[in-house]
Structure formats: C-alpha cells, structure tokens
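Here is the structure we will look at.
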Amino acid sequence: MSKIFPKSANALPLQIVIFLAIAGGVATAAVTYYSTPKYLRVGYQPVQPVPFEHSLHAGQLGIDCRYCHASVEKSATSSVPAAQTCMNCHSIVKPQSPLLEPVRRSYETGEPVPWVKVHVAPDYVYFNHSVHVNRGVSCVECHGKVNEMTAVWHDKSHSMGFCLDCHRDPANYLREPKDVFNLDSPTLAAQGRLEKAHQNIRDWKIMPPQSCSGCHR
Amino acid sequence: MGAHLADHPAPAILAEVQPASLPRKELVHHGRDFHWITEKICGIVEGPTPTWWWWCFGVAAFVASFTVAGLTYLVGTGVGVWGHANPVNWAWDIVNFVFWIGIGHAGTLISAILCLLRQKWRTSINRASEAMTIFAVACAAIFPVFHVGRIWMAWYLFPIPNSNYIWQNFRSPLEWDVFAVSTYGTVSVLFWYIGLIPDLGTLRDRFFTVGRIWRARIYGFFAMGWRGSNRHWSNYEMAYLILAGISTPLVLSVHTIVSFDFAVSLLPGWHTTIFPPYFVAGAIFSGFGMVMTLMLPLRAIFRLEDLITQYHIDNMCKITLATGTMVGYAYSIEFFIAWYGSNPYEGFAFINRAFGHYAWAYWIMVTCNVITPQFFWFKAVRQNTTLVWCLAIMVNVGMWFERFVIIVTSLARDFLPSSWGYYSPSVVEIFTFFGTFGVFSFLFLLFIRFVPIMPMSEVKAVTAAADPHGPHPH
C-alpha cells in the first residue's frame, strides 16, 4: 500500500487532530474577544459637528446633566438639547466662535444640529431612562464618566449581559437619588452602605425584570 | 444432590432422541461464494455510471432546488412566508420534522437492536438503512432550524456562553429535542462510518489493483489504514458492538423525546401518556415503510435477489405489520381514554379529529396506517414485490398524515372557541417539503453510486460457506 500513501501519512491522523484543536481554539478565542460588544462598541468616539466638550461643561463648569438632557427624569428617552439651550449662554459667551457656527445656524433655521449618536439601543429594546435615574441608577453606570470626556465615547459594553448584571443584583449599583447626577459620587455599596441599598430596594419595590418581555415586547 | 442424581440416572423415556430438523432460513441463495459477493457489491461502485442514475440524479437535484429556493426565500423574507398563524403556530414544519426523524428509526433499529439480538438477516439491508437514517435526520433538521426564522441565531439552541447571557431553558422538551436529535445524528454517522471501514479498504485495494490511483487514495483516506489484520478485526468488532449498545437506547429515546414536545404541553390531544411508546412504534413503522420503498427497487435494479431474499422481505413486512398494529391500537386507546377520562376538552379533541374539519386527514391516516399493514398477514401479498412496494408507500403517506392530524387538529381547536382557526399551508411550505424528497434522493443516489450498499464482510459471514458447523456447499 506504500504506493497509495507515503509513509508520512501515518502521522496524518494526529496532525489533523492537533490542527483541528488549534484551529478550534483560535476560532473560539477570536470570537470570544473580537465579536462581543466589549470589543465592538467600547471606545466608539465619532467626530461630532460641534466639538462640544462635556469635560468643560459638565466637569469644569459643573452644569447639571439635566440642564441639557432635560427629559431624562420624566421620559423614556434622554433628550438631546435644541440649539436654544446652547444659545442661552452662547449668545453672550463666545458669540462669534467659528466652532459654534452649526449651533447658530440651527438656532436661526430650526434645523437640528446633526449630532452623531454614540449610544444606540436597538429597536427591539425598550429602555426607559426615567425609571432608572429615579431609583438611584446613576448616568455613570451606563455612560461612564462623561464629565471627564472631551468628545463622548462609548464607555460600557451595553450588551444584554451588561444589563442583566445589574438587573439580577441591583444593590451594588445603586446611589442615593441625590447623587444620581453627580458622576463622581460613590455607590452606596462603595460607601459601605450596602444595607441602605437593600433598604431602598425593599422600600421602593425595585424589581428589575429578568423575563424576556421585560425589555423586549 | 447432583451426585445422588448421577448415581441413579432416570430411565430414558425414549430409546432414541430424534431432534426435529428445523433448518434456519437461507440468507444467501444459490450458494453464492465470497468472491461473487465482493464482485457484486463492488461492481456497483466500480462499474460505469448507469444512464438511469443520471436521470434520477438530475430529477432529484431539480426537486431539491425547491427546498433551496423555499428556504432562501424564507431567510430573505421572514418565517411568515409559511402558512402558520394563530392558533396553528406549529404546522408543516414540525409535521415534516417528525415525519423525517421517524423514518430514520428503522435504520437504527436494524443496525443496533437487530445486531444485539443477532438477527442475521439484518446484514444485507443495514448499510442502506443506516444511510437512509442519516439522510432522513438531515432532512428533518432543516425544518426546526429554519422555523427559528433568523437562522444565524440558531446557535442559541446550544448552551454556549455569550455576552447576551442567553441560556437555554432545560425544562423545555424542545431543548431536550436538540440534544436527542444531535446525539442521534452523531451516533448514526459514527455507526455507519465504522461499519464502512472494512469495505472501504476492499474498494481501495481493488481500485489500486486496476490502477485507478485517485479513487484508491480517496477510499484509502476514509479506510484509515485498514489492513484486515486480526487486531484490526478485533478492535473493529468491539467498536461496532459498543456503538450498537449506544445506539440501542437511542432507538427508543429519540422519538420518546420528540413525543414529549407534545405530551409535556397541556393541549387536549397532545397531553397523553401513551405518546412515547405510540410515537416509537409509529417511527419504526414508518421507517420500515421507507426501507422497503428504497430496498425493493434497489433489489430489482441491481439483481440482488440472492442477497435480499423473500425471507428478508417477509421479515420487514412482519415488523411493519406488528408496529402498524401497535399504532392502530394506540389510536383506539386514545379514543378510549378520552371517553374514560371524562374530560370534555379531551373528548372533544378526539371527536373533532375524526369528524371535524380535518376528518379527511384523519381517515387517510387510519386507512394507510391501520388497514394497509393488515395485508401483510397474507403470504401471497408479501411475495408480490410490487404490491409490497405500493403498500410501503401507503405507510409513508399515512405516517405523514398521522403527524399532521396530531399537530394541526389539536392546535386548531383548543380550549377556547374564540381562538379556533383553520390552517392551510402556503405554497412556499409545500414546495419546501416537496423539495426535501429531492434532497433525500440526491444524497441516497450519491450513496448507492459511491459507497458499497451492503456490508460485504457481514454478508459473507452469514453465507453457508462461513458456518463452520453447517453443511459445506462445496
């Protein structure tokens, strides 16, 4: 039979097994690392039409998140401000800055500034901002320290697993309601007041849904 | 005690013992020898491709394209192109799935249970039946996978850790089904392949001898260095026996779990404890129907009458008769329990089956499954190959309708009259199902062209020449 296969073919079965093991291992590792939201979404930082600095406005100047994102406590969505909100200050502060030209144009024409959305929840996810911030889930839990970012980037993975980590055990992620918009505040758990977090969960009946239809209707 | 008996042996009742002569049925006619068997089986693979094969292959490929087109359209558009709608959300897809999975069971029964029970007549039909099993499982798998709709999400069926934290509901019989069917498919392929190895070695050597080196290489690759040494045979027999042992519970478990898809629910007409044995009997019934549908034409085309004898056909007919009668018994018991249980919903479900909107399907089912096999009581029927083949086709038709009746009538008329409906398949659904017969035939035609359709070594082992205690023909 030596003429059908060379002698080296004897090693073939072992070589095939080793090859498949390595190929399978590499494929698994690659998928685990590269094809999850942790890799695909985190770090996304698009160039915006106006180089708005959150670190300057929310960080240095200490403007409250709600000054611009006004509907976050009352509505499912956290609104993006109209040019009017910007012009409240910028009609006086740097009124001639060329960087603010799109804002002024928007103010005059009524056409919104074409901001690029950084955090996009898919259509099949029904996320409600108000229910989260009113029960002590701070902006920072999902958006990171926006008060330290120049241009906003996607800081957390926003995978379904990310949501479920908190939905399954919210106590570790809660703050006092007064601290929700203070992005530098520690969580109750970090303050060593986990008991208080549990008490809030009991008193306010915080029961984050874990069923499919809780978020996908 | 023993010593006492030995001291005083009982007086012989008969002066001379004359055991009755009960010769075993001959499994290979005309005293065909080893060489003839090798030439016959290898000749099918080695000879030129017959014209009829090309015609059949072309037709099969054309029919299979219906499935490809139907599934492409479904993936491109959405699962709504099938005719499902409330309240019938399981329809032809699950009917077809259970139909094809059921057909596979005869192959496993023949290869595993009949092997352990030392039914030697299995040898000339087991290879083709196992191939039938594998191709039937492949056809079956199409339907639930595509019913998922977004097939790129079908991997959610398996417990693979993912960033969505989606985990399977292990209390659902549908999840059990995933494991039952994938185990079944895997073991069937392994069993089939292990059995093929000695024959692949034979083909490799024969192709090498006549100088067809590429064929020798391909068969040689799959023969995995088979030399036919004692050590090889010893390992081979042990591996085969172990796989037969592993496959044996699968014959019963797979269709049991398929029946749990229905029996574990609360729907009248589904929620019955008779389902597992009833489904298993039905699966073997339909499987033997399909084995005969395939083997009888093969026997005629390749002139295999010496290897697939009347005795083989008789046995297959008798198993069909036995399992068909069990199925008929199950039908009657379902009605009896519906009456005896005094549950008005259950009672209605069965009266509705026989006399409701789908009564036509019910009576097709009863005719094909209960009445058809009863013809196999008669020797004259069993000896008429054409008639046996027609009856086997009827069995296949009947078993498809059985699944249709169970699934669709129960869903269309459940507890609340306000949610009643009537289901009709869409054109896409019909074409997709029709096409799976092409897929199956396509694969089976490739099988008979490139793979020895009988295990030569096993057939040789049941010839008279191989029996060291029997009368030698030469």
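Letters A, B, ... go to the chains of the structure tokens in the order shown; residues in each chain start at 1; ligands are counted from 1 in the same order.
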
- Item | Distance query A:Ser71 at most 12 Å, only C-alpha atoms, self and fewer than 2 positions along chain excluded, as a ChimeraX atom specification | /A:65-69,73-81,128-131,133

For those residues, write C-alpha atoms to a file as a short mmCIF file (atom, residue, chain, number, x, y, z; two decimals), in the first residue's frame.
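Writing the result to again-v1.cif gives the following:
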data_model
loop_
_atom_site.label_atom_id
_atom_site.label_comp_id
_atom_site.auth_asym_id
_atom_site.auth_seq_id
_atom_site.Cartn_x
_atom_site.Cartn_y
_atom_site.Cartn_z
CA CYS A 65 -26.73 66.80 33.27
CA ARG A 66 -30.42 67.75 33.35
CA TYR A 67 -29.75 71.30 32.17
CA CYS A 68 -29.31 69.92 28.66
CA HIS A 69 -30.79 66.39 28.90
CA GLU A 73 -36.18 62.08 34.74
CA LYS A 74 -39.62 62.15 33.18
CA SER A 75 -39.42 60.27 29.93
CA ALA A 76 -38.16 57.07 28.40
CA THR A 77 -35.61 58.97 26.36
CA SER A 78 -32.99 61.38 27.49
CA SER A 79 -33.48 64.38 25.21
CA VAL A 80 -30.67 65.96 23.22
CA PRO A 81 -30.93 69.75 23.65
CA ASN A 128 -36.67 53.74 29.94
CA HIS A 129 -34.30 56.39 31.32
CA SER A 130 -36.66 57.81 33.93
CA VAL A 131 -37.30 54.57 35.76
CA VAL A 133 -32.47 57.50 37.29
#

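Non-sequential neighbours of stretch 336-338 of chain B (distance at most 9 Å, separation of 6 or more positions within a chain, only C-alpha atoms) are B:Gly269, B:Pro344, B:Tyr345, B:Glu346, B:Gly347, B:Phe348, B:Ala349, B:Phe350.
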
Could the residues in this selection be saved with N, CA and C atoms as a compact mmCIF listing (two decimals), in the first residue's frame?
# COMPACT_ATOMS: atom_id res chain seq x y z
N GLY B 269 -55.44 16.37 23.27
CA GLY B 269 -54.99 15.68 22.07
C GLY B 269 -53.48 15.50 22.04
N PRO B 344 -64.07 16.84 29.15
CA PRO B 344 -64.83 17.26 27.95
C PRO B 344 -63.92 17.79 26.84
N TYR B 345 -62.81 18.46 27.21
CA TYR B 345 -61.93 19.02 26.19
C TYR B 345 -61.22 17.90 25.43
N GLU B 346 -60.76 16.91 26.21
CA GLU B 346 -60.09 15.76 25.61
C GLU B 346 -61.06 15.02 24.69
N GLY B 347 -62.26 14.80 25.18
CA GLY B 347 -63.27 14.10 24.39
C GLY B 347 -63.56 14.84 23.11
N PHE B 348 -63.70 16.17 23.22
CA PHE B 348 -63.99 16.96 22.03
C PHE B 348 -62.84 16.88 21.03
N ALA B 349 -61.60 16.94 21.56
CA ALA B 349 -60.44 16.93 20.66
C ALA B 349 -60.47 15.70 19.76
N PHE B 350 -60.87 14.55 20.31
CA PHE B 350 -60.82 13.33 19.51
C PHE B 350 -62.03 13.19 18.59

Proximity of chain B to chain A: per-residue shortest pair, 6 Å limit, only C-alpha atoms, as CSV:
residue,atom,partner,partner_atom,distance
B:Ser163,CA,A:Gly161,CA,5.3
B:Asn164,CA,A:Met160,CA,4.3
B:Tyr165,CA,A:Gly161,CA,4.9
B:Arg217,CA,A:Ile4,CA,5.9

Residues near B:Met394, anyone? I mean within 9 Å using only C-alpha atoms, not counting same-chain ones fewer than 2 positions away, as a short mmCIF file (atom, residue, chain, number, x, y, z; two decimals) with N, CA and C atoms, in the first residue's frame.
data_model
loop_
_atom_site.label_atom_id
_atom_site.label_comp_id
_atom_site.auth_asym_id
_atom_site.auth_seq_id
_atom_site.Cartn_x
_atom_site.Cartn_y
_atom_site.Cartn_z
N GLY B 289 -41.40 1.20 6.40
CA GLY B 289 -42.06 1.56 5.15
C GLY B 289 -41.06 2.15 4.18
N THR B 367 -56.76 4.80 7.20
CA THR B 367 -56.71 3.87 6.07
C THR B 367 -55.28 3.40 5.83
N CYS B 368 -54.37 4.35 5.77
CA CYS B 368 -52.99 4.00 5.42
C CYS B 368 -52.28 3.27 6.55
N ASN B 369 -52.52 3.66 7.78
CA ASN B 369 -51.72 3.13 8.88
C ASN B 369 -52.32 1.90 9.54
N THR B 372 -53.71 -0.71 5.80
CA THR B 372 -52.64 -1.14 4.89
C THR B 372 -51.80 -2.29 5.44
N TRP B 389 -44.32 -2.93 -2.34
CA TRP B 389 -43.77 -1.58 -2.52
C TRP B 389 -44.88 -0.53 -2.45
N CYS B 390 -46.01 -0.82 -3.10
CA CYS B 390 -47.14 0.13 -3.08
C CYS B 390 -47.65 0.30 -1.66
N LEU B 391 -47.75 -0.81 -0.93
CA LEU B 391 -48.24 -0.72 0.45
C LEU B 391 -47.25 0.08 1.31
N ALA B 392 -45.95 -0.10 1.04
CA ALA B 392 -44.94 0.65 1.80
C ALA B 392 -45.09 2.15 1.56
N ASN B 396 -45.88 5.30 4.25
CA ASN B 396 -45.22 6.61 4.35
C ASN B 396 -46.23 7.74 4.31
N VAL B 397 -47.18 7.64 3.40
CA VAL B 397 -48.21 8.68 3.30
C VAL B 397 -49.00 8.74 4.62
N GLY B 398 -49.39 7.58 5.11
CA GLY B 398 -50.20 7.54 6.33
C GLY B 398 -49.47 8.14 7.51
N MET B 399 -48.17 7.85 7.63
CA MET B 399 -47.45 8.36 8.78
C MET B 399 -47.24 9.87 8.69
#

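When only C-alpha atoms are used to measure the gap to A:Pro114, the shortest distance among A:Gly136, A:Ser185, A:His216, A:Ala83 belongs to A:Ala83.
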
Go through chain A and collect every residue that DSSP, computed from the backbone, puts in helix (DSSP H, G or I); the answer should be as a short mmCIF file (atom, residue, chain, number, x, y, z; two decimals) with C-alpha atoms, in the first residue's frame.
data_model
loop_
_atom_site.label_atom_id
_atom_site.label_comp_id
_atom_site.auth_asym_id
_atom_site.auth_seq_id
_atom_site.Cartn_x
_atom_site.Cartn_y
_atom_site.Cartn_z
CA LYS A 7 4.95 6.80 4.92
CA SER A 8 4.45 10.28 6.36
CA ALA A 9 0.69 9.73 6.08
CA ASN A 10 0.93 7.64 9.25
CA ALA A 11 1.28 10.84 11.23
CA LEU A 12 -1.73 12.39 9.49
CA PRO A 13 -4.45 11.46 12.00
CA LEU A 14 -2.52 13.03 14.87
CA GLN A 15 -1.68 16.06 12.75
CA ILE A 16 -5.34 16.51 11.81
CA VAL A 17 -6.42 16.28 15.45
CA ILE A 18 -3.78 18.79 16.54
CA PHE A 19 -4.68 21.12 13.68
CA LEU A 20 -8.40 20.97 14.48
CA ALA A 21 -7.71 21.54 18.18
CA ILE A 22 -5.56 24.59 17.45
CA ALA A 23 -7.91 25.96 14.79
CA GLY A 24 -10.90 25.43 17.06
CA GLY A 25 -9.12 27.04 19.98
CA VAL A 26 -8.03 30.06 17.94
CA ALA A 27 -11.52 30.47 16.46
CA THR A 28 -13.14 30.27 19.90
CA ALA A 29 -10.67 32.73 21.39
CA ALA A 30 -11.07 35.13 18.46
CA VAL A 31 -14.86 35.08 18.61
CA THR A 32 -14.81 35.49 22.39
CA TYR A 33 -12.54 38.50 22.16
CA TYR A 34 -13.45 40.21 18.90
CA PRO A 37 -19.89 44.34 22.33
CA LYS A 38 -17.00 44.73 24.75
CA TYR A 39 -14.69 44.89 21.72
CA LEU A 40 -17.07 46.12 19.02
CA HIS A 54 -18.50 67.50 28.23
CA SER A 55 -15.39 67.77 30.40
CA LEU A 56 -15.58 71.55 30.20
CA HIS A 57 -19.35 71.95 30.61
CA ALA A 58 -20.28 69.15 32.99
CA GLY A 59 -16.87 68.78 34.62
CA GLN A 60 -15.17 72.15 34.98
CA CYS A 65 -26.73 66.80 33.27
CA ARG A 66 -30.42 67.75 33.35
CA TYR A 67 -29.75 71.30 32.17
CA CYS A 68 -29.31 69.92 28.66
CA ALA A 70 -33.95 67.78 30.40
CA SER A 71 -36.39 64.90 29.93
CA VAL A 72 -34.24 62.19 31.47
CA GLU A 73 -36.18 62.08 34.74
CA ALA A 83 -29.81 74.93 19.87
CA GLN A 84 -31.85 77.24 22.11
CA THR A 85 -30.32 75.59 25.17
CA CYS A 86 -26.82 76.27 23.88
CA MET A 87 -27.67 79.83 22.95
CA ASN A 88 -28.87 80.60 26.47
CA CYS A 89 -25.18 81.02 27.27
CA HIS A 90 -23.54 81.25 23.89
CA PRO A 98 -16.42 79.71 14.35
CA LEU A 99 -16.72 76.34 16.09
CA LEU A 100 -20.27 77.25 17.15
CA GLU A 101 -21.36 78.12 13.62
CA PRO A 102 -23.58 74.96 13.27
CA VAL A 103 -25.32 75.86 16.54
CA ARG A 104 -26.07 79.39 15.42
CA ARG A 105 -27.29 78.15 12.08
CA SER A 106 -29.56 75.66 13.78
CA TYR A 107 -30.85 78.42 16.06
CA GLU A 108 -31.73 80.58 13.07
CA THR A 109 -33.16 77.94 10.74
CA HIS A 129 -34.30 56.39 31.32
CA SER A 130 -36.66 57.81 33.93
CA VAL A 131 -37.30 54.57 35.76
CA HIS A 132 -33.58 54.03 36.15
CA VAL A 133 -32.47 57.50 37.29
CA CYS A 139 -25.79 58.11 34.46
CA VAL A 140 -22.25 56.95 35.12
CA GLU A 141 -23.30 53.30 35.42
CA CYS A 142 -24.10 53.05 31.69
CA HIS A 143 -22.33 56.08 30.16
CA VAL A 146 -18.91 61.71 30.74
CA ASN A 147 -17.86 64.68 32.90
CA GLU A 148 -14.24 63.77 32.15
CA MET A 160 -27.54 42.22 27.25
CA GLY A 161 -25.22 40.63 29.80
CA PHE A 162 -24.25 44.13 30.93
CA CYS A 163 -27.93 44.96 31.59
CA LEU A 164 -28.54 41.64 33.33
CA ASP A 165 -25.58 42.03 35.69
CA CYS A 166 -27.47 44.88 37.33
CA HIS A 167 -30.98 43.51 36.82
CA ARG A 168 -30.05 40.36 38.67
CA PRO A 170 -29.12 45.87 41.60
CA ALA A 171 -27.89 46.57 45.17
CA ASN A 172 -24.26 47.01 44.13
CA TYR A 173 -25.10 49.65 41.52
CA PRO A 177 -31.20 59.68 44.42
CA LYS A 178 -29.48 62.99 45.19
CA ASP A 179 -26.19 61.54 43.90
CA LEU A 194 -25.00 48.14 51.18
CA GLU A 195 -27.70 47.81 53.84
CA LYS A 196 -29.13 51.14 52.74
CA ALA A 197 -29.19 49.97 49.13
CA HIS A 198 -31.11 46.88 50.15
CA GLN A 199 -33.48 49.03 52.17
CA ASN A 200 -34.13 51.25 49.13
CA ILE A 201 -34.81 48.14 47.06
CA ARG A 202 -37.36 47.00 49.65
CA ASP A 203 -38.96 50.39 50.26
CA CYS A 212 -37.66 38.44 28.06
CA SER A 213 -40.75 40.60 27.82
CA GLY A 214 -39.43 42.99 30.47
CA CYS A 215 -37.31 44.69 27.82
#

- Query: Could you work out how far atom CA of B:Pro276 lies from atom CA of B:Thr256, giving the answer in Å with one decimal?
  - Reply: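 Here the two named atoms are 4.3 Å from each other.
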
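Note that atom CA of B:Ile393 and atom CA of B:Ile364 are 13.0 Å apart.
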
- Message: So that I can check the surroundings of stretch 314-322 of chain B, please list as a list in words every protein, DNA and RNA residue that reaches within 8 Å of it, counting only C-alpha atoms and ignoring chain neighbours fewer than 2 positions away.
- Response: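 The contact residues come out as Ile284, Phe285, Phe288, Gly289, Met292, Gln310, Tyr311, His312, Gly324, Thr325, Met326, Pro373, Gln374, Phe376, Trp377, Arg382, Gln383 and Val388 of chain B.
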
Take the residues that were just selected and, keeping N, CA and C atoms, output them as a PDB file, in the first residue's frame.
ATOM      1  N   ILE B 284     -40.875   3.391  13.927  1.00  0.00           N
ATOM      2  CA  ILE B 284     -40.313   2.163  13.351  1.00  0.00           C
ATOM      3  C   ILE B 284     -41.179   1.700  12.182  1.00  0.00           C
ATOM      4  N   PHE B 285     -42.472   1.856  12.351  1.00  0.00           N
ATOM      5  CA  PHE B 285     -43.427   1.543  11.281  1.00  0.00           C
ATOM      6  C   PHE B 285     -43.100   2.342  10.016  1.00  0.00           C
ATOM      7  N   PHE B 288     -39.643   1.339   8.476  1.00  0.00           N
ATOM      8  CA  PHE B 288     -39.631   0.124   7.664  1.00  0.00           C
ATOM      9  C   PHE B 288     -40.368   0.347   6.350  1.00  0.00           C
ATOM     10  N   GLY B 289     -41.399   1.198   6.403  1.00  0.00           N
ATOM     11  CA  GLY B 289     -42.063   1.564   5.153  1.00  0.00           C
ATOM     12  C   GLY B 289     -41.056   2.152   4.180  1.00  0.00           C
ATOM     13  N   MET B 292     -38.406  -0.397   2.848  1.00  0.00           N
ATOM     14  CA  MET B 292     -38.925  -1.222   1.742  1.00  0.00           C
ATOM     15  C   MET B 292     -39.081  -0.389   0.480  1.00  0.00           C
ATOM     16  N   GLN B 310     -36.609 -13.467  -0.282  1.00  0.00           N
ATOM     17  CA  GLN B 310     -38.007 -13.371   0.138  1.00  0.00           C
ATOM     18  C   GLN B 310     -38.108 -13.377   1.666  1.00  0.00           C
ATOM     19  N   TYR B 311     -37.170 -14.094   2.304  1.00  0.00           N
ATOM     20  CA  TYR B 311     -37.161 -14.148   3.772  1.00  0.00           C
ATOM     21  C   TYR B 311     -36.958 -12.752   4.359  1.00  0.00           C
ATOM     22  N   HIS B 312     -36.068 -11.975   3.754  1.00  0.00           N
ATOM     23  CA  HIS B 312     -35.856 -10.600   4.226  1.00  0.00           C
ATOM     24  C   HIS B 312     -37.128  -9.786   4.086  1.00  0.00           C
ATOM     25  N   GLY B 324     -47.413  -1.479  12.832  1.00  0.00           N
ATOM     26  CA  GLY B 324     -48.633  -0.840  12.335  1.00  0.00           C
ATOM     27  C   GLY B 324     -49.829  -1.185  13.201  1.00  0.00           C
ATOM     28  N   THR B 325     -49.869  -2.421  13.654  1.00  0.00           N
ATOM     29  CA  THR B 325     -50.968  -2.821  14.529  1.00  0.00           C
ATOM     30  C   THR B 325     -50.869  -2.122  15.881  1.00  0.00           C
ATOM     31  N   MET B 326     -49.631  -1.948  16.365  1.00  0.00           N
ATOM     32  CA  MET B 326     -49.458  -1.186  17.615  1.00  0.00           C
ATOM     33  C   MET B 326     -49.972   0.236  17.457  1.00  0.00           C
ATOM     34  N   PRO B 373     -51.229  -2.147   6.674  1.00  0.00           N
ATOM     35  CA  PRO B 373     -50.325  -3.218   7.111  1.00  0.00           C
ATOM     36  C   PRO B 373     -51.017  -4.565   7.283  1.00  0.00           C
ATOM     37  N   GLN B 374     -52.337  -4.563   7.451  1.00  0.00           N
ATOM     38  CA  GLN B 374     -53.029  -5.839   7.670  1.00  0.00           C
ATOM     39  C   GLN B 374     -52.920  -6.762   6.452  1.00  0.00           C
ATOM     40  N   PHE B 376     -50.291  -7.520   5.115  1.00  0.00           N
ATOM     41  CA  PHE B 376     -49.057  -8.297   5.258  1.00  0.00           C
ATOM     42  C   PHE B 376     -49.260  -9.616   6.006  1.00  0.00           C
ATOM     43  N   TRP B 377     -50.477  -9.850   6.498  1.00  0.00           N
ATOM     44  CA  TRP B 377     -50.762 -11.173   7.060  1.00  0.00           C
ATOM     45  C   TRP B 377     -50.658 -12.250   5.984  1.00  0.00           C
ATOM     46  N   ARG B 382     -47.096 -10.701   0.535  1.00  0.00           N
ATOM     47  CA  ARG B 382     -45.675 -10.473   0.834  1.00  0.00           C
ATOM     48  C   ARG B 382     -44.794 -10.920  -0.319  1.00  0.00           C
ATOM     49  N   GLN B 383     -45.290 -11.894  -1.098  1.00  0.00           N
ATOM     50  CA  GLN B 383     -44.469 -12.397  -2.195  1.00  0.00           C
ATOM     51  C   GLN B 383     -44.622 -11.571  -3.465  1.00  0.00           C
ATOM     52  N   VAL B 388     -46.083  -5.059  -2.340  1.00  0.00           N
ATOM     53  CA  VAL B 388     -45.418  -4.673  -1.085  1.00  0.00           C
ATOM     54  C   VAL B 388     -44.909  -3.250  -1.188  1.00  0.00           C
TER      55      VAL B 388
END

What lies within 10 Å of B:Tyr193 using only C-alpha atoms, ignoring chain neighbours under 4 positions off, as a PDB file with C-alpha atoms, in the first residue's frame?
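Once written, selection_32.pdb looks like this:
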ATOM      1  CA  ARG B 127     -25.944  -0.320   5.356  1.00  0.00           C
ATOM      2  CA  GLU B 130     -28.295   3.478   8.111  1.00  0.00           C
ATOM      3  CA  ALA B 131     -27.634   5.753   5.150  1.00  0.00           C
ATOM      4  CA  VAL B 187     -24.053   8.332  16.689  1.00  0.00           C
ATOM      5  CA  SER B 188     -25.762   7.303  13.450  1.00  0.00           C
ATOM      6  CA  VAL B 189     -22.957   8.787  11.363  1.00  0.00           C
ATOM      7  CA  ILE B 197     -14.261   0.868   7.096  1.00  0.00           C
ATOM      8  CA  PRO B 198     -13.520  -2.756   6.027  1.00  0.00           C
ATOM      9  CA  LEU B 200     -13.688   0.983   2.055  1.00  0.00           C
ATOM     10  CA  PHE B 222     -11.550   7.081   4.562  1.00  0.00           C
ATOM     11  CA  ALA B 223     -10.423   3.494   5.190  1.00  0.00           C
TER      12      ALA B 223
END

- How many Å lie between atom CA of B:Phe97 and atom CA of B:Asn126, rounded to one decimal?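 Between atom CA of B:Phe97 and atom CA of B:Asn126 the gap works out to 23.0 Å.
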
- Message: I'd like the neighbourhood of B:Ala136 as a PyMOL selection string, where a residue qualifies if any of its atoms comes within 12 Å (using only C-alpha atoms), though same-chain residues fewer than 2 positions away should be ignored.
- Response: chain B and resi 96-108+128-134+138-143+181+184-185+188-189+283+286-287+290-291+436-444
